[in-house]
$ cat model_9.cif   # mmCIF, C-alpha atoms
data_run
#
loop_
_atom_site.label_atom_id
_atom_site.label_comp_id
_atom_site.auth_asym_id
_atom_site.auth_seq_id
_atom_site.Cartn_x
_atom_site.Cartn_y
_atom_site.Cartn_z
CA MET I 9 0.00 0.00 0.00
CA LYS I 10 2.80 2.42 0.87
CA ASN I 11 4.55 1.85 -2.46
CA GLU I 12 1.31 2.34 -4.39
CA ARG I 13 0.69 5.66 -2.70
CA GLN I 14 4.23 6.73 -3.44
CA ASN I 15 3.56 5.90 -7.09
CA LEU I 16 0.84 8.54 -7.21
CA ASN I 17 3.41 11.17 -6.39
CA GLN I 18 5.77 9.77 -9.02
CA ALA I 19 2.96 9.74 -11.57
CA PHE I 20 2.33 13.40 -10.75
CA LYS I 21 6.00 14.21 -11.34
CA ASP I 22 5.99 12.27 -14.61
CA VAL I 23 3.08 14.32 -15.95
CA LEU I 24 4.75 17.57 -14.93
CA SER I 25 8.04 16.63 -16.56
CA ALA I 26 6.28 15.95 -19.88
CA LEU I 27 4.30 19.19 -19.99
CA THR I 28 4.80 21.75 -22.72
CA GLY I 29 3.60 25.29 -22.21
CA ARG I 30 1.16 25.97 -19.37
CA PRO I 31 -1.92 23.78 -19.91
CA LYS I 32 -5.26 24.75 -18.39
CA LEU I 33 -5.94 23.00 -15.08
CA LEU I 34 -9.34 22.96 -13.38
CA LEU I 35 -8.54 22.38 -9.73
CA HIS I 36 -11.40 21.46 -7.44
CA VAL I 37 -10.75 23.18 -4.11
CA CYS I 38 -12.39 22.35 -0.78
CA CYS I 39 -10.60 24.83 1.50
CA ALA I 40 -7.59 27.10 1.78
CA PRO I 41 -5.49 24.73 3.95
CA CYS I 42 -5.70 21.91 1.38
CA LEU I 43 -5.01 24.37 -1.44
CA ALA I 44 -1.98 25.73 0.43
CA ALA I 45 -0.50 22.23 0.52
CA CYS I 46 -0.24 21.97 -3.27
CA LEU I 47 -0.42 25.42 -4.83
CA ASP I 48 3.32 26.00 -5.12
CA ARG I 49 3.74 22.66 -6.89
CA LEU I 50 1.17 23.61 -9.52
CA TYR I 51 1.39 27.36 -10.00
CA SER I 52 4.38 27.54 -12.33
CA LYS I 53 3.24 24.56 -14.41
CA PHE I 54 -0.42 25.28 -15.11
CA ASP I 55 -2.86 28.02 -15.96
CA ILE I 56 -5.04 27.38 -12.89
CA THR I 57 -8.76 27.87 -12.44
CA LEU I 58 -10.14 26.89 -9.05
CA TYR I 59 -13.53 25.17 -8.91
CA TYR I 60 -15.23 25.79 -5.55
CA TYR I 61 -17.98 23.20 -5.50
CA ASN I 62 -18.73 21.75 -2.04
CA PRO I 63 -22.44 21.22 -1.29
CA ASN I 64 -21.46 19.19 1.78
CA ILE I 65 -20.15 22.26 3.65
CA HIS I 66 -22.74 23.33 6.18
CA PRO I 67 -23.91 25.85 7.36
CA ASP I 68 -23.76 28.54 4.65
CA ARG I 69 -21.54 30.78 6.80
CA GLU I 70 -18.85 28.09 6.87
CA HIS I 71 -19.16 27.63 3.10
CA TYR I 72 -18.66 31.36 2.53
CA LEU I 73 -15.88 31.65 5.13
CA ARG I 74 -13.84 28.97 3.38
CA LEU I 75 -14.34 30.78 0.08
CA LEU I 76 -13.09 34.03 1.61
CA GLU I 77 -9.97 32.26 2.90
CA ILE I 78 -9.28 30.72 -0.51
CA LYS I 79 -9.47 34.20 -2.04
CA ARG I 80 -7.10 35.57 0.59
CA LEU I 81 -4.64 32.78 -0.14
CA ILE I 82 -4.54 33.32 -3.92
CA GLU I 83 -4.04 37.09 -3.61
CA THR I 84 -0.30 36.36 -3.76
CA TYR I 85 -0.69 34.16 -6.87
CA PRO I 86 -1.56 36.51 -9.76
CA GLY I 87 -3.57 35.05 -12.59
CA ILE I 88 -5.40 32.32 -10.70
CA LYS I 89 -9.12 32.39 -11.47
CA ILE I 90 -11.95 30.96 -9.42
CA VAL I 91 -15.37 29.56 -10.29
CA GLU I 92 -17.72 29.99 -7.33
CA THR I 93 -20.79 27.82 -6.82
CA GLU I 94 -23.60 28.61 -4.42
CA PRO I 95 -24.00 26.40 -1.34
CA ASP I 96 -26.75 23.80 -1.80
CA PHE I 97 -26.81 21.36 1.09
CA SER I 98 -29.91 19.70 -0.36
CA GLU I 99 -27.79 18.47 -3.26
CA TYR I 100 -25.46 16.79 -0.79
CA VAL I 101 -28.42 15.27 1.08
CA GLY I 102 -29.74 13.90 -2.20
CA CYS I 103 -26.34 12.36 -2.88
CA VAL I 104 -25.75 10.58 0.44
CA LYS I 105 -29.46 9.80 1.01
CA GLU I 106 -29.98 7.22 3.76
CA LEU I 107 -26.37 7.64 4.93
CA LEU I 108 -26.91 11.22 6.08
CA GLY I 109 -25.57 11.53 9.63
CA SER I 110 -23.62 8.28 9.51
CA ALA I 111 -19.97 8.00 10.58
CA GLU I 112 -17.19 9.67 8.63
CA HIS I 113 -14.79 7.87 6.30
CA GLY I 114 -17.27 5.32 4.97
CA GLU I 115 -19.68 5.02 2.06
CA LYS I 116 -21.19 8.42 2.84
CA CYS I 117 -17.86 10.16 2.27
CA ASP I 118 -17.19 8.12 -0.86
CA ARG I 119 -20.47 9.29 -2.39
CA CYS I 120 -19.73 12.90 -1.46
CA ILE I 121 -16.20 12.85 -2.89
CA SER I 122 -17.45 11.10 -6.02
CA LEU I 123 -20.08 13.80 -6.54
CA ARG I 124 -17.56 16.62 -6.26
CA ILE I 125 -15.02 14.95 -8.55
CA ARG I 126 -17.68 14.11 -11.16
CA LYS I 127 -18.93 17.71 -11.21
CA THR I 128 -15.35 18.92 -11.65
CA ALA I 129 -14.76 16.52 -14.56
CA VAL I 130 -17.99 17.60 -16.25
CA PHE I 131 -17.17 21.29 -15.87
CA GLY I 132 -13.64 20.68 -17.10
CA ALA I 133 -14.84 18.84 -20.20
CA GLU I 134 -17.53 21.40 -21.00
CA HIS I 135 -15.13 24.34 -20.73
CA GLY I 136 -12.12 22.96 -22.56
CA PHE I 137 -9.67 22.36 -19.73
CA ASP I 138 -6.62 20.22 -20.45
CA TYR I 139 -6.57 18.60 -16.99
CA PHE I 140 -8.68 18.44 -13.87
CA CYS I 141 -7.71 17.56 -10.32
CA THR I 142 -8.77 18.06 -6.69
CA THR I 143 -7.09 19.31 -3.53
CA LEU I 144 -8.91 16.66 -1.48
CA SER I 145 -5.89 14.34 -1.42
CA ALA I 146 -4.04 16.94 0.68
CA SER I 147 -6.15 16.00 3.68
CA PRO I 148 -4.63 13.36 5.99
CA LEU I 149 -8.17 12.02 6.46
CA LYS I 150 -8.80 11.34 2.77
CA ASP I 151 -7.78 8.23 0.79
CA ALA I 152 -5.63 9.46 -2.10
CA GLU I 153 -5.86 6.13 -3.94
CA ARG I 154 -9.66 6.22 -3.97
CA ILE I 155 -9.65 9.87 -5.04
CA ASN I 156 -7.40 9.02 -7.98
CA GLU I 157 -9.55 6.03 -8.92
CA LEU I 158 -12.55 8.35 -9.14
CA MET I 159 -10.65 10.96 -11.16
CA LYS I 160 -9.52 8.25 -13.58
CA GLU I 161 -13.07 6.90 -13.92
CA TYR I 162 -14.63 10.28 -14.69
CA ALA I 163 -11.76 11.32 -16.93
CA SER I 164 -12.60 8.33 -19.11
CA ILE I 165 -16.34 9.00 -19.09
CA TYR I 166 -16.12 12.71 -19.91
CA ASN I 167 -13.01 12.63 -22.09
CA VAL I 168 -10.83 15.02 -20.11
CA LYS I 169 -7.39 14.25 -18.64
CA TYR I 170 -6.89 14.08 -14.88
CA LEU I 171 -3.76 14.91 -12.93
CA PRO I 172 -2.69 11.97 -10.73
CA SER I 173 -1.68 13.25 -7.32
CA ASP I 174 -1.33 12.78 -3.62
CA PHE I 175 -0.82 16.26 -2.22
CA LYS I 176 0.04 14.96 1.23
CA LYS I 177 3.42 14.03 -0.25
CA GLU I 178 6.40 16.38 -0.41
CA ASN I 179 5.56 17.67 3.12
CA GLY I 180 2.16 18.91 1.98
CA GLN I 181 0.69 19.15 5.48
CA LEU I 182 3.72 20.97 6.89
CA ILE I 183 3.70 23.44 4.00
CA SER I 184 -0.01 24.02 4.53
CA LYS I 185 0.40 24.68 8.23
CA GLU I 186 3.27 27.10 7.73
CA LYS I 187 1.56 29.04 4.94
CA CYS I 188 -1.74 29.27 6.82
CA ASN I 189 0.01 30.47 9.96
CA GLN I 190 1.95 33.04 7.97
CA LEU I 191 -1.19 34.47 6.34
CA GLY I 192 -3.53 33.98 9.30
CA ILE I 193 -5.74 31.60 7.34
CA TYR I 194 -8.70 30.06 9.15
CA ARG I 195 -8.25 26.29 9.57
CA GLN I 196 -11.57 24.52 9.99
CA ASN I 197 -11.86 21.51 12.32
CA TYR I 198 -14.46 19.52 10.38
CA CYS I 199 -14.91 18.40 6.79
CA GLY I 200 -18.31 19.88 6.11
CA CYS I 201 -21.42 17.84 6.81
CA THR I 202 -21.01 17.60 10.59
CA PRO I 203 -20.98 21.29 11.51
CA VAL I 204 -19.46 22.84 14.57
CA GLY I 205 -20.04 26.37 15.79
CA GLY I 206 -22.79 28.03 17.73
CA TYR I 207 -26.32 29.20 17.05
CA ALA I 208 -25.81 32.51 15.27
CA VAL I 209 -28.14 35.38 16.13
CA ALA I 210 -28.03 38.79 14.47
CA VAL I 211 -29.31 41.90 16.24
CA THR I 212 -30.16 44.65 13.77
CA GLY I 213 -32.26 47.81 13.55
CA GLY I 214 -32.30 51.37 12.29
CA ILE I 215 -29.92 54.07 13.44
CA ALA I 216 -30.37 54.81 17.18
CA SER I 217 -33.02 52.13 17.59
CA GLY I 218 -31.39 50.69 20.73
CA LYS I 219 -29.39 47.76 19.29
CA SER I 220 -26.33 48.42 21.43
CA LEU I 221 -28.35 48.81 24.61
CA PHE I 222 -30.22 45.57 23.89
CA CYS I 223 -26.90 43.79 23.31
CA SER I 224 -25.49 45.20 26.56
CA TYR I 225 -28.36 43.52 28.40
CA LEU I 226 -27.58 40.24 26.64
CA LYS I 227 -23.99 40.54 27.88
CA GLU I 228 -25.21 41.05 31.43
CA LEU I 229 -27.10 37.75 31.06
CA GLY I 230 -23.84 36.00 30.11
CA ALA I 231 -24.34 35.87 26.35
CA ASP I 232 -21.47 35.90 23.84
CA VAL I 233 -21.88 39.22 22.00
CA ILE I 234 -19.81 41.22 19.52
CA SER I 235 -20.52 44.34 17.50
CA ALA I 236 -19.81 44.71 13.78
CA ASP I 237 -18.88 48.35 14.46
CA GLU I 238 -16.29 47.29 17.05
CA VAL I 239 -14.92 44.70 14.65
CA ALA I 240 -14.69 47.37 11.95
CA ALA I 241 -12.81 49.74 14.27
CA LYS I 242 -10.22 47.06 15.06
CA ILE I 243 -9.74 46.25 11.38
CA GLN I 244 -9.39 49.90 10.44
CA SER I 245 -6.65 50.36 13.06
CA LYS I 246 -4.44 47.64 11.58
CA GLY I 247 -1.41 48.81 9.65
CA ASP I 248 -2.03 46.77 6.49
CA PHE I 249 -5.64 47.91 6.27
CA LEU I 250 -4.69 51.54 6.92
CA LYS I 251 -2.37 51.38 3.91
CA LYS I 252 -5.17 50.11 1.68
CA GLN I 253 -7.52 52.76 3.08
CA GLN I 254 -4.97 55.50 2.48
CA LEU I 255 -4.76 54.55 -1.20
CA LEU I 256 -8.54 55.01 -1.50
CA PHE I 257 -8.91 58.08 0.74
CA PRO I 258 -5.57 59.95 0.78
CA GLU I 259 -7.38 63.19 1.66
CA CYS I 260 -8.41 61.64 5.02
CA PHE I 261 -4.85 61.06 6.23
CA GLU I 262 -2.67 63.60 8.00
CA ASN I 263 0.94 62.61 8.75
CA GLY I 264 -0.02 58.96 8.24
CA ALA I 265 -2.93 59.12 10.69
CA LEU I 266 -6.55 58.64 9.69
CA ASN I 267 -8.91 61.56 10.29
CA ARG I 268 -12.05 59.56 11.07
CA ASN I 269 -14.34 62.59 11.16
CA LYS I 270 -13.29 63.58 7.67
CA LEU I 271 -13.76 60.04 6.38
CA ARG I 272 -17.20 59.90 8.00
CA GLU I 273 -18.17 63.18 6.35
CA ILE I 274 -17.07 61.96 2.92
CA VAL I 275 -18.90 58.65 3.01
CA LEU I 276 -22.05 60.27 4.40
CA ASN I 277 -22.19 62.75 1.53
CA SER I 278 -21.06 60.52 -1.33
CA PRO I 279 -22.77 57.15 -1.93
CA GLY I 280 -20.07 56.26 -4.45
CA ARG I 281 -17.24 56.82 -1.99
CA ARG I 282 -19.19 54.96 0.71
CA LYS I 283 -19.41 51.93 -1.59
CA GLU I 284 -15.65 52.09 -2.12
CA LEU I 285 -15.04 51.95 1.62
CA GLU I 286 -17.61 49.18 2.09
CA GLY I 287 -16.03 47.14 -0.69
CA LEU I 288 -12.73 47.28 1.17
CA LEU I 289 -14.04 46.92 4.70
CA HIS I 290 -17.06 44.61 4.56
CA PRO I 291 -15.26 41.39 3.47
CA GLU I 292 -12.85 41.80 6.38
CA ILE I 293 -15.69 42.44 8.83
CA ILE I 294 -17.64 39.45 7.55
CA ARG I 295 -14.60 37.20 7.76
CA SER I 296 -13.87 38.21 11.36
CA ILE I 297 -17.49 37.73 12.41
CA LEU I 298 -17.78 34.32 10.75
CA ILE I 299 -14.57 33.06 12.35
CA TRP I 300 -15.86 34.25 15.73
CA LEU I 301 -19.22 32.54 15.21
CA GLN I 302 -17.61 29.26 14.21
CA SER I 303 -15.57 29.30 17.42
CA LYS I 304 -18.69 29.33 19.61
CA LYS I 305 -20.70 26.36 20.85
CA GLY I 306 -23.87 27.98 22.20
CA PRO I 307 -25.93 30.99 21.12
CA ALA I 308 -23.76 33.84 19.84
CA PHE I 309 -25.09 37.34 19.15
CA VAL I 310 -23.76 39.86 16.64
CA GLU I 311 -24.92 43.46 16.44
CA VAL I 312 -25.08 44.25 12.72
CA PRO I 313 -26.55 47.63 11.69
CA LEU I 314 -26.44 46.90 7.94
CA LEU I 315 -27.46 43.26 8.10
CA PHE I 316 -29.87 43.13 5.17
CA GLU I 317 -28.11 45.85 3.21
CA THR I 318 -24.96 43.67 3.02
CA GLY I 319 -26.76 40.33 2.54
CA LEU I 320 -25.36 38.99 5.81
CA GLU I 321 -28.68 37.63 7.03
CA ARG I 322 -28.13 34.34 5.19
CA TYR I 323 -25.29 33.47 7.60
CA PHE I 324 -27.44 33.69 10.73
CA ASP I 325 -29.85 31.20 12.24
CA TYR I 326 -32.07 33.88 13.77
CA VAL I 327 -32.54 37.64 13.32
CA ILE I 328 -33.75 40.07 16.00
CA ASN I 329 -34.88 43.48 14.81
CA ILE I 330 -34.93 46.36 17.33
CA GLN I 331 -37.40 49.03 16.27
CA SER I 332 -38.24 52.50 17.59
CA SER I 333 -40.28 55.36 16.24
CA SER I 334 -38.45 57.78 13.98
CA LEU I 335 -38.95 60.67 16.43
CA ILE I 336 -37.46 58.76 19.36
CA ARG I 337 -34.53 57.60 17.24
CA LYS I 338 -33.83 61.11 16.02
CA ASP I 339 -33.87 62.46 19.60
CA ARG I 340 -31.41 59.74 20.71
CA PHE I 341 -29.14 60.51 17.77
CA LYS I 342 -29.11 64.22 18.59
CA GLU I 343 -28.34 63.45 22.25
CA ARG I 344 -25.14 61.77 21.00
CA GLY I 345 -24.16 64.97 19.17
CA GLY I 346 -25.57 64.13 15.76
CA SER I 347 -27.56 66.46 13.54
CA ASP I 348 -30.96 66.06 11.89
CA GLU I 349 -29.22 66.10 8.52
CA ASP I 350 -26.80 63.31 9.44
CA PHE I 351 -29.63 61.24 10.89
CA ASP I 352 -31.55 61.49 7.65
CA LYS I 353 -28.49 60.44 5.65
CA PHE I 354 -27.84 57.43 7.88
CA ALA I 355 -31.50 56.41 7.77
CA ALA I 356 -31.61 56.75 3.99
CA SER I 357 -28.74 54.25 3.65
CA GLN I 358 -30.67 51.59 5.60
CA LYS I 359 -33.74 49.47 4.97
CA SER I 360 -37.06 50.87 6.13
CA ASP I 361 -38.64 49.70 9.38
CA GLU I 362 -41.23 47.78 7.38
CA GLN I 363 -38.58 45.99 5.31
CA ARG I 364 -36.48 45.04 8.34
CA SER I 365 -39.52 43.79 10.23
CA ARG I 366 -40.63 41.64 7.30
CA LEU I 367 -37.18 40.09 6.88
CA SER I 368 -36.52 39.41 10.59
CA ASP I 369 -37.59 36.48 12.75
CA ILE I 370 -38.76 38.78 15.53
CA THR I 371 -39.20 42.54 15.94
CA ILE I 372 -38.85 44.09 19.39
CA GLU I 373 -40.40 47.51 19.89
CA ASN I 374 -38.22 49.88 21.89
CA ASN I 375 -40.48 52.83 22.64
CA SER I 376 -41.21 52.24 26.33
CA GLY I 377 -37.96 52.82 28.20
CA GLU I 378 -34.88 50.88 29.26
CA ALA I 379 -36.53 48.68 31.89
CA VAL I 380 -38.97 47.28 29.33
CA LEU I 381 -36.19 46.66 26.79
CA LYS I 382 -34.10 44.91 29.45
CA GLU I 383 -36.95 42.54 30.27
CA LYS I 384 -37.46 41.80 26.56
CA ALA I 385 -33.76 40.99 26.23
CA ARG I 386 -34.00 38.54 29.14
CA SER I 387 -37.08 36.88 27.69
CA ILE I 388 -35.68 36.43 24.17
CA TYR I 389 -32.33 35.23 25.49
CA GLU I 390 -33.97 32.54 27.62
CA CYS I 391 -36.07 31.42 24.64
CA ILE I 392 -33.02 31.14 22.39
CA VAL I 393 -31.04 29.22 25.02
CA LEU I 394 -33.92 26.75 25.32
CA LYS I 395 -34.09 26.47 21.52
CA VAL I 396 -30.38 25.64 21.31
CA GLU I 397 -30.51 23.15 24.18
CA ALA I 398 -33.43 21.37 22.52
CA LYS I 399 -31.36 20.86 19.38
CA GLN I 400 -28.35 19.43 21.20
#
$ encode --input "model_9.cif" --output "structure tokens"
Amino acid sequence: MKNERQNLNQAFKDVLSALTGRPKLLLHVCCAPCLAACLDRLYSKFDITLYYYNPNIHPDREHYLRLLEIKRLIETYPGIKIVETEPDFSEYVGCVKELLGSAEHGEKCDRCISLRIRKTAVFGAEHGFDYFCTTLSASPLKDAERINELMKEYASIYNVKYLPSDFKKENGQLISKEKCNQLGIYRQNYCGCTPVGGYAVAVTGGIASGKSLFCSYLKELGADVISADEVAAKIQSKGDFLKKQQLLFPECFENGALNRNKLREIVLNSPGRRKELEGLLHPEIIRSILIWLQSKKGPAFVEVPLLFETGLERYFDYVINIQSSSLIRKDRFKERGGSDEDFDKFAASQKSDEQRSRLSDITIENNSGEAVLKEKARSIYECIVLKVEAKQ
């Protein structure tokens, strides 16, 4: 068995030594750590397109988080393209059928791997790729021989060449660990269909609706809570992000320091400039929040002002909307030193109360004072804890 597995690595080297030019390789990728194990061995030899097709990865936030990490990894490899597929756990369920929930490393996993390799072969054949392959063999928990058997089978059926490989070889796992540590890449602790992580709850609402106060009550009750605004502030203070921000908004920097008031004024008065900042900042915020959520075991709450505006709602199991009348919100905003004009600009950039209420799981009215809001926080927290305990 050991010699046979070594032969896969030799077969890989034999193909590489016979290559002319840079043929097109469609590389199925499951995650950044597995990709990191083999990317340097492939990059100079092939014109690489990554194929991110993994319906087994559940929940959606984990699927998207792994995609973000793959994109971060290939930033230092110019020219690599990526084909993204939407998460569809139902497709995985339809594949494994009666084996759903059974132990790992058996027939269930074989069906799942077969599905992903077949889809890669089909896409490769339909789009004129010279070779196809998968990063799955980089995992110490995956059988490289079986993976290559499946690639060979589908290569024959769909008339496209496969790249024999066992990416655990040549110190693949050590290379992966070192590269991921160097870049701060998230390393998941499960394959995909047996999710870890907590029950994710978003707390949203209009400007000055009382989201932060509601979340402070949750903290008092012992809940795990973070704020997207606090996450954003930490990201914006990092040196590498400040450099990127300075390239976009040089007029907001004085002697290398960011003038936050000036930046705030610009993005409030220019929707185009605001989108530029959001395009830079939001992926980093989302990544940090998703990593935090996946580290939790029980209910975890995130205060997200622009939840629906950024499409983040799909990554949460439950959404709480805090709602107050426009007059009360405006008075609160002015008490913090804001103006009527700024309030109107902030409100215009957000969904309406009606839209948020329709899209949320529950709407909590905050028009009756702090004591009432505190009691509502206690009640909803206890309900969510019971919901999570019932699922475990």
$ residues_around --input "model_9.cif" --residues "region 370-380 of chain I" --least-positions-apart "4" --cutoff "9 Å" --atoms "all atoms listed in the file" --output "PyMOL selection string"
chain I and resi 217-218+221-222+326-333+336+364-366+384-385
$ residues_around --input "model_9.cif" --residues "Lys359 (chain I)" --least-positions-apart "6" --cutoff "8 Å" --atoms "only C-alpha atoms" --output "list of chain:residue names"
I:Gly214, I:Phe316, I:Glu317
$ resolve_selection --input "model_9.cif" --expression "the PyMOL selection byres ((chain I and resi 256) around 12)" --output "list in words"
Phe249, Leu250, Lys251, Lys252, Gln253, Gln254, Leu255, Phe257, Pro258, Glu259, Cys260, Phe261, Leu266, Leu271, Ile274, Val275, Gly280, Arg281, Arg282, Lys283, Glu284, Leu285, Glu286, Gly287, Leu288 and Leu289 of chain I
$ residues_around --input "model_9.cif" --residues "region 82-96 of chain I" --least-positions-apart "6" --cutoff "6 Å" --atoms "all atoms listed in the file" --output "short mmCIF file (atom, residue, chain, number, x, y, z; two decimals) with C-alpha atoms, keeping the file's coordinate frame"
data_model
loop_
_atom_site.label_atom_id
_atom_site.label_comp_id
_atom_site.auth_asym_id
_atom_site.auth_seq_id
_atom_site.Cartn_x
_atom_site.Cartn_y
_atom_site.Cartn_z
CA ILE I 56 -5.04 27.38 -12.89
CA THR I 57 -8.76 27.87 -12.44
CA LEU I 58 -10.14 26.89 -9.05
CA TYR I 59 -13.53 25.17 -8.91
CA TYR I 60 -15.23 25.79 -5.55
CA TYR I 61 -17.98 23.20 -5.50
CA PRO I 63 -22.44 21.22 -1.29
#
$ residues_around --input "model_9.cif" --residues "region 227-232 of chain I" --least-positions-apart "6" --cutoff "9 Å" --atoms "all atoms listed in the file" --output "number ranges by chain"
I: 304, 306-310, 385-386, 389
$ resolve_selection --input "model_9.cif" --expression "the PyMOL selection byres ((chain I and resi 153) around 10)" --output "PDB file with C-alpha atoms, in the coordinates of the input"
ATOM      1  CA  MET I   9       0.000   0.000   0.000  1.00  0.00           C
ATOM      2  CA  GLU I  12       1.310   2.340  -4.390  1.00  0.00           C
ATOM      3  CA  ARG I  13       0.690   5.660  -2.700  1.00  0.00           C
ATOM      4  CA  ASN I  15       3.560   5.900  -7.090  1.00  0.00           C
ATOM      5  CA  LEU I  16       0.840   8.540  -7.210  1.00  0.00           C
ATOM      6  CA  SER I 145      -5.890  14.340  -1.420  1.00  0.00           C
ATOM      7  CA  LYS I 150      -8.800  11.340   2.770  1.00  0.00           C
ATOM      8  CA  ASP I 151      -7.780   8.230   0.790  1.00  0.00           C
ATOM      9  CA  ALA I 152      -5.630   9.460  -2.100  1.00  0.00           C
ATOM     10  CA  ARG I 154      -9.660   6.220  -3.970  1.00  0.00           C
ATOM     11  CA  ILE I 155      -9.650   9.870  -5.040  1.00  0.00           C
ATOM     12  CA  ASN I 156      -7.400   9.020  -7.980  1.00  0.00           C
ATOM     13  CA  GLU I 157      -9.550   6.030  -8.920  1.00  0.00           C
ATOM     14  CA  LEU I 158     -12.550   8.350  -9.140  1.00  0.00           C
ATOM     15  CA  MET I 159     -10.650  10.960 -11.160  1.00  0.00           C
ATOM     16  CA  PRO I 172      -2.690  11.970 -10.730  1.00  0.00           C
ATOM     17  CA  SER I 173      -1.680  13.250  -7.320  1.00  0.00           C
ATOM     18  CA  ASP I 174      -1.330  12.780  -3.620  1.00  0.00           C
TER      19      ASP I 174
END
$ closest_residue --input "model_9.cif" --among "I:Ala40, I:Ile243, I:Ala19, I:Ala45" --to "Leu75 (chain I)" --atoms "only C-alpha atoms"
I:Ala40
$ residues_around --input "model_9.cif" --residues "Val104 (chain I)" --least-positions-apart "5" --cutoff "12 Å" --atoms "all atoms listed in the file" --output "ChimeraX atom specification"
/I:63-64,97-99,109-112,114-123,201
$ atom_distance --input "model_9.cif" --atom1 "CA of Arg74 (chain I)" --atom2 "CA of Ile297 (chain I)"
13.1 Å
$ residues_near_point --input "model_9.cif" --point "(-34.6, 60.9, 20.6)" --cutoff "10 Å" --atoms "only C-alpha atoms" --output "JSON, numbers by chain"
{"I": [216, 217, 332, 333, 334, 335, 336, 337, 338, 339, 340, 341, 342, 343, 344]}
$ resolve_selection --input "model_9.cif" --expression "the PyMOL selection byres ((chain I and resi 76) around 10)" --output "compact mmCIF listing (two decimals) with C-alpha atoms, in the frame of the given file"
# COMPACT_ATOMS: atom_id res chain seq x y z
CA CYS I 39 -10.60 24.83 1.50
CA ALA I 40 -7.59 27.10 1.78
CA GLU I 70 -18.85 28.09 6.87
CA HIS I 71 -19.16 27.63 3.10
CA TYR I 72 -18.66 31.36 2.53
CA LEU I 73 -15.88 31.65 5.13
CA ARG I 74 -13.84 28.97 3.38
CA LEU I 75 -14.34 30.78 0.08
CA GLU I 77 -9.97 32.26 2.90
CA ILE I 78 -9.28 30.72 -0.51
CA LYS I 79 -9.47 34.20 -2.04
CA ARG I 80 -7.10 35.57 0.59
CA LEU I 81 -4.64 32.78 -0.14
CA ILE I 193 -5.74 31.60 7.34
CA TYR I 194 -8.70 30.06 9.15
CA PRO I 291 -15.26 41.39 3.47
CA GLU I 292 -12.85 41.80 6.38
CA ILE I 294 -17.64 39.45 7.55
CA ARG I 295 -14.60 37.20 7.76
$ residues_near_point --input "model_9.cif" --point "(-24.9, 64.2, 3.5)" --cutoff "12 Å" --atoms "all atoms listed in the file" --output "MDAnalysis selection string"
chainID I and resid 272:279 281:282 347:357
$ write_last_selection --input "model_9.cif" --atoms "C-alpha atoms" --output "CSV table (one decimal), in the coordinates of the input"
chain,number,residue,atom,x,y,z
I,272,ARG,CA,-17.2,59.9,8.0
I,273,GLU,CA,-18.2,63.2,6.4
I,274,ILE,CA,-17.1,62.0,2.9
I,275,VAL,CA,-18.9,58.6,3.0
I,276,LEU,CA,-22.0,60.3,4.4
I,277,ASN,CA,-22.2,62.8,1.5
I,278,SER,CA,-21.1,60.5,-1.3
I,279,PRO,CA,-22.8,57.2,-1.9
I,281,ARG,CA,-17.2,56.8,-2.0
I,282,ARG,CA,-19.2,55.0,0.7
I,347,SER,CA,-27.6,66.5,13.5
I,348,ASP,CA,-31.0,66.1,11.9
I,349,GLU,CA,-29.2,66.1,8.5
I,350,ASP,CA,-26.8,63.3,9.4
I,351,PHE,CA,-29.6,61.2,10.9
I,352,ASP,CA,-31.6,61.5,7.6
I,353,LYS,CA,-28.5,60.4,5.6
I,354,PHE,CA,-27.8,57.4,7.9
I,355,ALA,CA,-31.5,56.4,7.8
I,356,ALA,CA,-31.6,56.8,4.0
I,357,SER,CA,-28.7,54.2,3.6
$ atom_distance --input "model_9.cif" --atom1 "CA of Gly132 (chain I)" --atom2 "CA of Asn62 (chain I)"
15.9 Å
$ closest_residue --input "model_9.cif" --among "I:Val101, I:Leu27, I:Val312, I:Ile392" --to "Ala240 (chain I)" --atoms "all atoms listed in the file"
I:Val312
$ closest_residue --input "model_9.cif" --among "I:Ser25, I:Thr143, I:Asn269, I:Ser296" --to "Glu238 (chain I)" --atoms "only C-alpha atoms"
I:Ser296
$ closest_residue --input "model_9.cif" --among "I:Gly206, I:Pro148, I:Gly213, I:Gly192" --to "Gly180 (chain I)" --atoms "all atoms listed in the file"
I:Pro148
$ closest_residue --input "model_9.cif" --among "I:Thr318, I:Thr128, I:Asn167, I:Ser235" --to "Cys141 (chain I)" --atoms "all atoms listed in the file"
I:Thr128
